[in-house]
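One structure below.
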Amino acid sequence: MTKDRYVDSGQKNALSSLPMNRREFLKGMGILGGGIVVYFSLGDPSSLAITKRRGPLFARTPTDFNAFLRIGEDGRATLFTGKIEMGQGIITSVAQIMAEELDLPYDSVDMVMGDTDLCPWDMGTWGSLTIRSAGPVFREAAAEARAVLIELAAESLKVPKERLKTRDGVIFDSARKENRVTYAQLAKGKSIERQLKGSPVLKKVSEYKIVGKSFPQRDALEKVTGKAEYAGDIRLPGMLYARILMPPAHGATLKEVDTSGVNIKGAQVVKDGDLIAVLHRYPDEADKALEMVKARFELPKTGLDDKNVFDHLVLVAPKGRKVSKEGDLKKGEGLSSHLFEETYLSGYVTHATMETHTAVARLEGDRVTVWAATQMPFGCQANVASALGMKPKNVRVITPPVGGGFGGKGNNPEAVEAARLAKLTGKPVQVARNRAEDIFYDSFRPAAVVKIRSGLNDAGKIMLWDYDVFFAGEDGSLLFYEVPHHQVLSRGGWMRALPGSHPFSIGPWRAPATSNNTFARESHIDIMASKAGKDPVEFRLQNLSDKKMRRVLKAAAEKFGWTPSKTPSARGCGVACSIRSGSYVAIMAEIDVDKETGKVQVKRVAHAQDMGQVVNPDGAKKQIEGCINMGLGYALTEEIHFKDGEIFDLNFETYEIPRFSWMPEIETVLIDAQDSPPHGGGEPAIVCMGAVIANAIYDAIGVRLFQLPMTPERIKEAIKNSKA
Amino acid sequence: MSETIKFNLNGRPTRLTVDGERMLLWVLRTDLGLTGAKYGCGEEHCGTCTVLVDKEPVRSCQFSVKDINGKEVITIEGLAKDGNLHPLQKEFMERDALQCGFCTPGMILNAYGLLHQNPKPTRSEIISGMDNNLCRCGTYNRVVEAIQAAAGT
Ligand code: FES
Ligand code: FES
């Protein structure tokens with residue numbers, strides 16, 4: 001299965017063709033000097049490919065590492081990584097991994113994240129990758145540092161290495177405990193550099209004291225006291241707030257602009273090609289000034305809107321790519337006694353992070369510093385450098401705490417605008433989107449169509465599965481049920497959809513492809529279960545040999561207290577399961593449907609997940625709860641309405657996101673798998689939410705919804721049609 | 001039009017000469033450098049800009065600064081007293097009732113107003129009292145627990 005990613009992956013080892021070595025890098029950063037440094041590479045091949053693709057922009061990229069760990073002369077450990085914290089909790093869980101493997105107290109580990117001057121190049125933070133892909137490497141790097149410390153201690157204590165033990169930053173002779181030395185004493189006056197090679201000896205999972213225990217979020221104190229400084233909270237002397245002219249529709253062309261009416265004292269107008277901005281010492285004054293700018297745009301006529309876009313997508317979709325194929329579809333059809341054919345739709349959705357896209361830029365001489373709410377600090381560095389015609393090394397991107405990302409903060413146009421305006425005005429500039437701009441300029445989760453043809457024999461076994469997905473992408477499209485004759489085709493891809501496919505920019509959105517594919521697959525499975533007169537959980541188990549999936553389904557059923565029944569049973573219970581980022585997930589929900597208003601209330605949710613090793617159980621639980629709550633949105637209300645490139649939902653009034661009163665009771669089970677590698681935790685639970693609610697609606701009222709979101713209007717419509 | 005506004009800000013008498021029609025959010029964030037109140041929507045939908053005026057939560061993005069004249073304003077920066085966190089702040093930390101934290105100041109101050117009005121709210125009173133504060137990270141269950149704990153219910 002391929003991973004969601006922002007960039008193409010290509011050849012490996014592109015980094016090695018680049019000139020800079022680690023010593024130069026550290027020297028450049030002024031970090032050389034005391035202590036012990038271990039360099040390492042968070043080896044996702046896609047990270048290396050981007051370096052090659054962007055060529056000279058990354059000239060400063062070190063050749064053989066993209067993160068490092070230092071044991072300072074004070075005995076504290078500091079991790080330098082380009083990964084960023086946006087609420088997903090890696091600032092806590094990665095520190096746990098480091099502390100555990102180093103045998104240091106958790107509080108003795110510091111994290112330096114997302115600063116392009118201090119951290120080596122990193123591809124960015126998304127796709128639940130940090131713990132599943134980078135986690136094991138962080139662990140090895142820490143083990144390597146500990147091995148170096150043990151070597152030093154063997155020398156200094158004159159004891160063979162095998163006799164030494166580490167605990168809380170101290171190394172001692174297991175035969176004579178008072179013979180001891182601290183990490184600080186060992187690191188003092190040293191200047192040791194190591195490259196992580198091979199696999200150092202790791203601690204046994206059974207010895208863990210920190211990993212597997214719950215730790216509260218590291219930056220909570222700053223966040224509950226208002227001290228945490230997000231990008232929009234950066235205040236610089238002389239800073240101007242910029243408001244930028246936004247076109248009324250995607251694809252609109254500016255014909256005329258008249259700024260002569262701007263009569264706000266202190267407002268500065270900038271026109272630079274396509275960039276028309278007003279700047280002021282006060283953001284609200286800049287707002288007023290922008291209203292005085294008169295502009296005439298020519299509006300595009302695409303004829304596309306949120307209703308006909310699905311037909312358009314099917315029409316323009318290129319030939320499919322075969323994701324999987326087994327057996328012979330004709331044969332499968334012949335073996336089936338019931339055939340099913342359905343189409344599933346989902347609309348465009350926006351990220352709507354509470355923090356809008358924001359960046360601040362300051363130019364000093366030939367250097368620019370950018371504070372950006374971004375998931376890709378190094379991508380941001382490259383964007384700014386190329387817009388300003390600067391070398392990337394002269395661009396420093398600092399990532400303050402990010403107020404939510406979900407895949408939406410990777411393109412950085414606001415950072416480029418802030419930097420351009422800082423250059424044009426000679427002043428530090430902040431660009432903070434207002435909500436309308438935030439939605440307008442967002443890269444939406446793509447609308448998608450899934451067509452499924454399937455067949456069932458009299459024993460309730462699925463014989464045929466012919467799956468055609470348009471524009472959702474292939475993640476999550478692979479079938480894990482056992483079907484002898486099946487085929488999965490993906491058309492149009494996801495991020496790489498051909499120009500002209502979507503009427504605006506699209507991008508990642510917390511497991512976008514898997515959510516859409518799960519909605520289609522799990523709805524369709526339920527339709528077959530119902531036809532077969534089987535309980536939907538039993539039907540799944542009957543068609544499932546994957547042990548992990550069987551286990552999470554059973555665990556969720558137990559937590560939920562699932563009692564088997566044919567559907568619709570009028571109870572309003574639903575089930576769905578999926579695989580995302582290597583994690584297996586099953587969700588059951590109980591809902592109420594008000595047939596008069598069409599409103600759905602999700603009362604309770606039971607969730608089970610096998611995500612391998614869990615670093616921070618409460619942190620993982622918090623992500624799961626977040627996924628479930630957030631998932632109610634794309635399931636029930638969230639949808640961008642548009643016509644001819646104009647976006648109609650520009651604030652929370654019509655773009656409704658989940659709120660307190662929607663929140664179900666949530667119970668979670670994390671399958672105990674501490675001995676297996678960790679998998680992604682930031683996304684799996686969200687992918688089932690569309691399907692589990694669709695299935696529960698069917699169970700409640702016997703009406704099937706084929707389109708997300710399942711708004712009250714669509715539910716009422718479906719009820720009406722079912723009576724007709 | 002510029003006018004002089006006198007009010008109490010986080011326990012300190014404060015005097016400000018500003019255009020009274022400006023929104024409190026921007027005056028706090030820009031003129032006074034208190035950035036704990038956040039912009040989330042600008043149209044009273046989300047509550048990230050919530051501050052307390054005479055212990056009542058208000059949406060500072062649509063609250064004219066002239067209306068604080070003679071009143072007491074508390075922002076998230078002023079909630080802890082003498083280095084002691086307010087019980088709500090403590091409980092938000094204790095229950096890890098935040099992720100990205102962008103909604104957190106508004107959540108805490110809205111909850112403060114809720115408990116000021118109704119010191120022992122039921123669960124459903126908490127939910128309806130908090131319903132217009134949005135959290136995209138979906139921390140709702142934990143926020144309710146934190147408020148319950150702070151209220152001792
Ligand atoms: S910013 Fe004031 S309510 Fe959203
Ligand atoms: S914690 Fe991120 S919006 Fe609430």
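Letters for chains follow the order of the structure tokens (A, B, ...), residue numbers begin at 1 for each chain, and ligand numbers begin at 1 in the order shown.
Residues in contact with range 27-34 of chain B at up to 10 Å, not including ones fewer than 6 positions away on its chain and judged by only C-alpha atoms, are Gly226, Lys227, Gly232, Asp233, Ile234, Arg235, Arg281, Tyr282, Pro283 and Asp284 of chain A; Leu9, Leu16, Val18, Asp19, Gly20, Val51, Ser60, Cys61, Ser64, Val65, Thr75, Ile76, Glu77 and Gly78 of chain B.
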With C-alpha atoms retained, export the selected residues as an mmCIF file, in the first residue's frame.
data_model
loop_
_atom_site.group_PDB
_atom_site.id
_atom_site.type_symbol
_atom_site.label_atom_id
_atom_site.label_comp_id
_atom_site.auth_asym_id
_atom_site.auth_seq_id
_atom_site.Cartn_x
_atom_site.Cartn_y
_atom_site.Cartn_z
ATOM 1 C CA GLY A 226 -1.934 31.882 27.204
ATOM 2 C CA LYS A 227 1.853 32.019 27.116
ATOM 3 C CA GLY A 232 -0.026 35.095 14.985
ATOM 4 C CA ASP A 233 1.192 36.000 18.462
ATOM 5 C CA ILE A 234 4.665 36.992 17.298
ATOM 6 C CA ARG A 235 5.174 40.693 17.889
ATOM 7 C CA ARG A 281 0.202 48.767 12.345
ATOM 8 C CA TYR A 282 -3.197 47.474 13.469
ATOM 9 C CA PRO A 283 -4.804 44.439 11.886
ATOM 10 C CA ASP A 284 -8.319 45.831 12.179
ATOM 11 C CA LEU B 9 -7.284 44.700 33.224
ATOM 12 C CA LEU B 16 -6.316 53.616 27.082
ATOM 13 C CA VAL B 18 -8.342 54.474 21.369
ATOM 14 C CA ASP B 19 -11.109 54.545 18.852
ATOM 15 C CA GLY B 20 -13.889 53.132 20.989
ATOM 16 C CA VAL B 51 -12.453 36.995 27.561
ATOM 17 C CA SER B 60 -14.050 39.968 22.030
ATOM 18 C CA CYS B 61 -13.998 39.775 18.224
ATOM 19 C CA SER B 64 -16.451 47.226 21.096
ATOM 20 C CA VAL B 65 -13.678 48.402 23.319
ATOM 21 C CA THR B 75 -7.886 37.519 29.971
ATOM 22 C CA ILE B 76 -6.240 34.114 30.129
ATOM 23 C CA GLU B 77 -2.987 35.813 31.131
ATOM 24 C CA GLY B 78 -4.651 37.163 34.264
#
At most 10 Å is the cut-off: for each residue in chain A with any atom that close to an atom of ligand 1, write down the nearest atom pair and the distance in Å rounded to one decimal, counting only C-alpha atoms and all ligand atoms, chain first then increasing number, as a Markdown table.
| residue | atom | partner | partner_atom_place_in_ligand_line | distance |
| --- | --- | --- | --- | --- |
| A:Met354 | CA | ligand 1 | 4 (Fe) | 8.8 |
| A:Glu355 | CA | ligand 1 | 1 (S) | 10.0 |
| A:Asn434 | CA | ligand 1 | 1 (S) | 9.5 |
| A:Arg435 | CA | ligand 1 | 1 (S) | 9.0 |
| A:Asn651 | CA | ligand 1 | 4 (Fe) | 9.6 |
| A:Phe652 | CA | ligand 1 | 4 (Fe) | 8.9 |
- Pull out every residue of chain B that has at least one atom within 8 Å of chain A, counting only C-alpha atoms, and report them as an MDAnalysis selection string. chainID B and resid 22 26 29:30 33 35:37 39:42 45:46 48 76:77 79:80 89 92:96 98:105 108 127:128 130:141
- Message: Please identify the strand (DSSP E or B) residues within range 289-393 of chain A (assignment by DSSP from backbone atoms) and present them as number ranges by chain.
- Response: A: 294-298, 305, 321-326, 338-346, 349, 358-364, 367-372
- Item | Straight-line distance linking CA of Tyr698 in chain A with CA of Thr567 in chain A, stated in Å to one decimal |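 Taking CA of Tyr698 in chain A as the start and CA of Thr567 in chain A as the end point, the length is 7.5 Å.
CA of Trp121 in chain A sits 9.5 Å away from CA of Lys83 in chain A.
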- Atom-to-atom span, CA of His485 in chain A and CA of Met611 in chain A, Å: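 We find that CA of His485 in chain A and CA of Met611 in chain A lie 29.5 Å from each other.
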- Distance query Ile640 in chain A at most 10 Å, only C-alpha atoms, self and fewer than 6 positions along chain excluded, as a PyMOL selection string: chain A and resi 305-306+347-350+439-440+444-445+447+647-650+654-655
Output file for the residues above (all heavy atoms, as a compact mmCIF listing (two decimals), in the first residue's frame):
# COMPACT_ATOMS: atom_id res chain seq x y z
N ASP A 305 -20.42 22.73 -10.09
CA ASP A 305 -20.86 23.04 -8.72
C ASP A 305 -20.79 21.77 -7.88
O ASP A 305 -20.40 20.71 -8.36
CB ASP A 305 -22.26 23.66 -8.73
CG ASP A 305 -23.32 22.73 -9.32
OD1 ASP A 305 -23.17 21.50 -9.17
OD2 ASP A 305 -24.27 23.23 -9.92
N ASP A 306 -21.18 21.92 -6.62
CA ASP A 306 -21.03 20.79 -5.71
C ASP A 306 -21.98 19.64 -6.04
O ASP A 306 -21.85 18.55 -5.50
CB ASP A 306 -21.22 21.25 -4.25
CG ASP A 306 -22.43 22.13 -4.08
OD1 ASP A 306 -22.32 23.34 -4.29
OD2 ASP A 306 -23.51 21.59 -3.76
N GLY A 347 -18.14 14.73 -0.73
CA GLY A 347 -17.85 16.09 -1.20
C GLY A 347 -16.51 16.61 -0.72
O GLY A 347 -15.76 15.93 -0.02
N TYR A 348 -16.21 17.84 -1.13
CA TYR A 348 -14.98 18.50 -0.68
C TYR A 348 -15.14 18.95 0.76
O TYR A 348 -16.20 19.43 1.16
CB TYR A 348 -14.70 19.72 -1.55
CG TYR A 348 -14.40 19.39 -2.99
CD1 TYR A 348 -15.40 19.40 -3.96
CD2 TYR A 348 -13.11 19.06 -3.38
CE1 TYR A 348 -15.12 19.09 -5.28
CE2 TYR A 348 -12.82 18.74 -4.71
CZ TYR A 348 -13.83 18.75 -5.65
OH TYR A 348 -13.55 18.43 -6.95
N VAL A 349 -14.08 18.80 1.55
CA VAL A 349 -14.12 19.33 2.92
C VAL A 349 -12.85 20.15 3.18
O VAL A 349 -11.82 19.93 2.56
CB VAL A 349 -14.26 18.22 3.99
CG1 VAL A 349 -15.57 17.50 3.86
CG2 VAL A 349 -13.10 17.24 3.95
N THR A 350 -12.98 21.08 4.10
CA THR A 350 -11.85 21.96 4.43
C THR A 350 -11.29 21.59 5.81
O THR A 350 -11.94 20.89 6.58
CB THR A 350 -12.27 23.44 4.37
OG1 THR A 350 -11.12 24.27 4.62
CG2 THR A 350 -13.34 23.79 5.40
N ILE A 439 -10.51 29.40 4.44
CA ILE A 439 -11.25 28.36 3.74
C ILE A 439 -11.03 28.49 2.23
O ILE A 439 -10.76 27.51 1.54
CB ILE A 439 -12.75 28.42 4.09
CG1 ILE A 439 -12.95 28.15 5.59
CG2 ILE A 439 -13.55 27.44 3.23
CD1 ILE A 439 -14.39 28.21 6.07
N PHE A 440 -11.10 29.72 1.74
CA PHE A 440 -10.98 29.93 0.29
C PHE A 440 -9.65 29.38 -0.24
O PHE A 440 -9.62 28.70 -1.28
CB PHE A 440 -11.09 31.42 -0.04
CG PHE A 440 -11.03 31.72 -1.51
CD1 PHE A 440 -12.18 31.65 -2.29
CD2 PHE A 440 -9.83 32.06 -2.12
CE1 PHE A 440 -12.12 31.91 -3.66
CE2 PHE A 440 -9.77 32.32 -3.49
CZ PHE A 440 -10.92 32.24 -4.26
N PHE A 444 -8.51 21.49 -0.29
CA PHE A 444 -9.59 20.67 0.26
C PHE A 444 -9.31 19.17 0.14
O PHE A 444 -8.56 18.76 -0.75
CB PHE A 444 -10.90 20.95 -0.49
CG PHE A 444 -11.36 22.38 -0.40
CD1 PHE A 444 -11.87 23.03 -1.52
CD2 PHE A 444 -11.28 23.07 0.79
CE1 PHE A 444 -12.30 24.34 -1.44
CE2 PHE A 444 -11.71 24.39 0.88
CZ PHE A 444 -12.22 25.03 -0.25
N ARG A 445 -9.96 18.42 0.99
CA ARG A 445 -9.99 16.98 0.74
C ARG A 445 -10.79 16.76 -0.53
O ARG A 445 -11.90 17.29 -0.65
CB ARG A 445 -10.65 16.24 1.90
CG ARG A 445 -10.58 14.71 1.73
CD ARG A 445 -11.37 14.01 2.82
NE ARG A 445 -12.81 14.02 2.53
CZ ARG A 445 -13.72 13.44 3.27
NH1 ARG A 445 -13.38 12.80 4.38
NH2 ARG A 445 -15.00 13.50 2.95
N ALA A 447 -13.21 15.71 -3.49
CA ALA A 447 -14.46 14.98 -3.68
C ALA A 447 -14.12 13.67 -4.37
O ALA A 447 -13.13 13.57 -5.07
CB ALA A 447 -15.42 15.79 -4.54
N ILE A 647 -16.77 30.00 -3.63
CA ILE A 647 -16.99 29.13 -2.47
C ILE A 647 -18.07 29.78 -1.59
O ILE A 647 -17.93 30.96 -1.22
CB ILE A 647 -15.69 29.00 -1.63
CG1 ILE A 647 -14.51 28.60 -2.51
CG2 ILE A 647 -15.88 28.06 -0.45
CD1 ILE A 647 -14.48 27.18 -2.95
N PHE A 648 -19.10 29.04 -1.27
CA PHE A 648 -20.19 29.64 -0.51
C PHE A 648 -20.05 29.49 1.00
O PHE A 648 -20.68 30.21 1.75
CB PHE A 648 -21.53 29.07 -0.97
CG PHE A 648 -21.82 29.35 -2.41
CD1 PHE A 648 -22.06 28.33 -3.32
CD2 PHE A 648 -21.80 30.66 -2.88
CE1 PHE A 648 -22.30 28.60 -4.66
CE2 PHE A 648 -22.04 30.95 -4.22
CZ PHE A 648 -22.29 29.91 -5.11
N ASP A 649 -19.26 28.55 1.44
CA ASP A 649 -19.13 28.36 2.89
C ASP A 649 -17.83 28.98 3.36
O ASP A 649 -16.77 28.40 3.16
CB ASP A 649 -19.12 26.87 3.24
CG ASP A 649 -20.33 26.17 2.68
OD1 ASP A 649 -21.41 26.34 3.25
OD2 ASP A 649 -20.18 25.49 1.64
N LEU A 650 -17.92 30.16 3.93
CA LEU A 650 -16.68 30.86 4.29
C LEU A 650 -16.57 31.12 5.78
O LEU A 650 -15.70 31.86 6.23
CB LEU A 650 -16.57 32.16 3.49
CG LEU A 650 -16.37 31.94 1.97
CD1 LEU A 650 -16.45 33.26 1.21
CD2 LEU A 650 -15.04 31.24 1.66
N THR A 654 -22.14 28.33 8.11
CA THR A 654 -22.66 27.30 7.21
C THR A 654 -21.73 26.10 7.12
O THR A 654 -22.18 25.00 6.82
CB THR A 654 -22.88 27.85 5.78
OG1 THR A 654 -21.63 28.32 5.29
CG2 THR A 654 -23.89 28.96 5.78
N TYR A 655 -20.43 26.33 7.36
CA TYR A 655 -19.54 25.17 7.39
C TYR A 655 -19.51 24.67 8.83
O TYR A 655 -18.72 25.11 9.66
CB TYR A 655 -18.12 25.53 6.92
CG TYR A 655 -17.33 24.28 6.64
CD1 TYR A 655 -17.43 23.64 5.41
CD2 TYR A 655 -16.53 23.71 7.62
CE1 TYR A 655 -16.75 22.46 5.16
CE2 TYR A 655 -15.85 22.53 7.39
CZ TYR A 655 -15.96 21.91 6.15
OH TYR A 655 -15.30 20.74 5.91
Could you list, as an mmCIF file with C-alpha atoms, in the first residue's frame, every residue within 9 Å of Asn110 in chain B, counting only C-alpha atoms and ignoring same-chain residues fewer than 2 positions away?
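New file part.cif:
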data_model
loop_
_atom_site.group_PDB
_atom_site.id
_atom_site.type_symbol
_atom_site.label_atom_id
_atom_site.label_comp_id
_atom_site.auth_asym_id
_atom_site.auth_seq_id
_atom_site.Cartn_x
_atom_site.Cartn_y
_atom_site.Cartn_z
ATOM 1 C CA GLY B 47 -15.246 31.370 21.029
ATOM 2 C CA THR B 50 -13.449 34.729 24.667
ATOM 3 C CA VAL B 51 -12.453 36.995 27.561
ATOM 4 C CA LEU B 52 -14.255 37.944 30.757
ATOM 5 C CA GLU B 56 -19.110 37.312 32.030
ATOM 6 C CA PRO B 57 -17.577 35.620 28.988
ATOM 7 C CA VAL B 58 -17.761 37.847 25.928
ATOM 8 C CA PRO B 105 -7.876 30.029 26.488
ATOM 9 C CA GLY B 106 -11.403 30.597 25.175
ATOM 10 C CA MET B 107 -12.582 27.270 26.558
ATOM 11 C CA ILE B 108 -11.197 28.007 30.013
ATOM 12 C CA TYR B 112 -15.096 30.278 34.130
ATOM 13 C CA GLY B 113 -18.156 32.318 33.196
ATOM 14 C CA LEU B 114 -20.308 29.215 33.260
ATOM 15 C CA LEU B 115 -19.178 28.227 36.746
ATOM 16 C CA GLY B 129 -23.070 26.244 28.187
ATOM 17 C CA MET B 130 -19.976 25.359 26.169
ATOM 18 C CA ASN B 133 -16.918 27.106 21.758
#
- Go through B:Lys120, B:Arg15, B:Lys71, B:Lys38 one by one, measure the shortest atom-to-atom distance of each to ligand 2 using only C-alpha atoms and all ligand atoms, and give the residue with the smallest value. B:Lys38
Name the residues in contact with Ile36 in chain A at a cut-off of 8 Å, using only C-alpha atoms, excluding same-chain residues fewer than 2 positions from it; report them as an mmCIF file with C-alpha atoms, in the first residue's frame.
data_model
loop_
_atom_site.group_PDB
_atom_site.id
_atom_site.type_symbol
_atom_site.label_atom_id
_atom_site.label_comp_id
_atom_site.auth_asym_id
_atom_site.auth_seq_id
_atom_site.Cartn_x
_atom_site.Cartn_y
_atom_site.Cartn_z
ATOM 1 C CA GLY A 34 31.087 19.933 24.045
ATOM 2 C CA VAL A 38 24.631 11.131 17.446
ATOM 3 C CA ARG A 70 23.124 15.671 21.743
ATOM 4 C CA ILE A 71 24.068 14.794 25.296
ATOM 5 C CA GLY A 72 25.221 18.134 26.623
ATOM 6 C CA ALA A 145 24.166 7.550 22.580
ATOM 7 C CA ALA A 187 30.070 14.363 28.534
ATOM 8 C CA LYS A 190 34.218 15.726 25.348
ATOM 9 C CA SER A 191 33.503 16.312 21.754
ATOM 10 C CA ILE A 192 32.334 13.030 20.345
ATOM 11 C CA GLU A 193 30.388 12.544 17.163
ATOM 12 C CA ARG A 194 28.782 9.349 16.040
#
- Message: Could you list, as a list in words, every residue within 8 Å of range 603-607 of chain A, counting only C-alpha atoms and ignoring same-chain residues fewer than 5 positions away?
- Response: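 The contact residues come out as Ala556, Ala557, Lys559, Phe560, Val585, Ala586, Ile587, Met588, Ala589, Glu590, Ile591, Asp592, Met663, Pro664, Glu665, Ile666, Glu667, Thr668, Val669 and Ala685 of chain A.
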- Task: Could you please write out, as number ranges by chain, every residue of range 1-148 of chain B that DSSP assigns to helix (DSSP H, G or I)?
- Result: B: 24-31, 60-62, 65-68, 76-78, 87-94, 104-117, 123-130, 140-148
- Query: Which residues come within 8 Å of range 535-541 of chain A, counting only C-alpha atoms, excluding same-chain residues fewer than 3 positions away, as a PyMOL selection string?
  - Reply: chain A and resi 460+481+525-526+529-530+544-545+550+553+564-567+575
Now that the selection is made, can you save its residues with C-alpha atoms as a PDB file, in the first residue's frame?
ATOM      1  CA  GLY A 460     -23.163 -15.625   2.646  1.00  0.00           C
ATOM      2  CA  TYR A 481     -12.022  -9.355   3.264  1.00  0.00           C
ATOM      3  CA  ILE A 525     -20.379  -4.760   3.088  1.00  0.00           C
ATOM      4  CA  ASP A 526     -23.343  -3.850   5.266  1.00  0.00           C
ATOM      5  CA  ALA A 529     -24.903  -8.479   5.154  1.00  0.00           C
ATOM      6  CA  SER A 530     -28.407  -7.142   5.283  1.00  0.00           C
ATOM      7  CA  LEU A 544     -12.464 -12.306   7.083  1.00  0.00           C
ATOM      8  CA  SER A 545      -9.400 -14.384   7.804  1.00  0.00           C
ATOM      9  CA  ARG A 550     -10.803 -10.257  13.526  1.00  0.00           C
ATOM     10  CA  LEU A 553     -13.590  -6.374  15.568  1.00  0.00           C
ATOM     11  CA  PRO A 564     -26.051  -9.953  16.937  1.00  0.00           C
ATOM     12  CA  SER A 565     -29.059  -9.041  14.870  1.00  0.00           C
ATOM     13  CA  LYS A 566     -30.143  -8.702  11.278  1.00  0.00           C
ATOM     14  CA  THR A 567     -30.394  -5.150  10.017  1.00  0.00           C
ATOM     15  CA  VAL A 575     -20.055  -1.129  12.683  1.00  0.00           C
TER      16      VAL A 575
END
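The shortest atom-to-atom distance to Ser523 in chain A, with only C-alpha atoms taken into account, belongs to A:Ala694 out of A:Ala231, A:Met292, A:Ala694, A:Val278.
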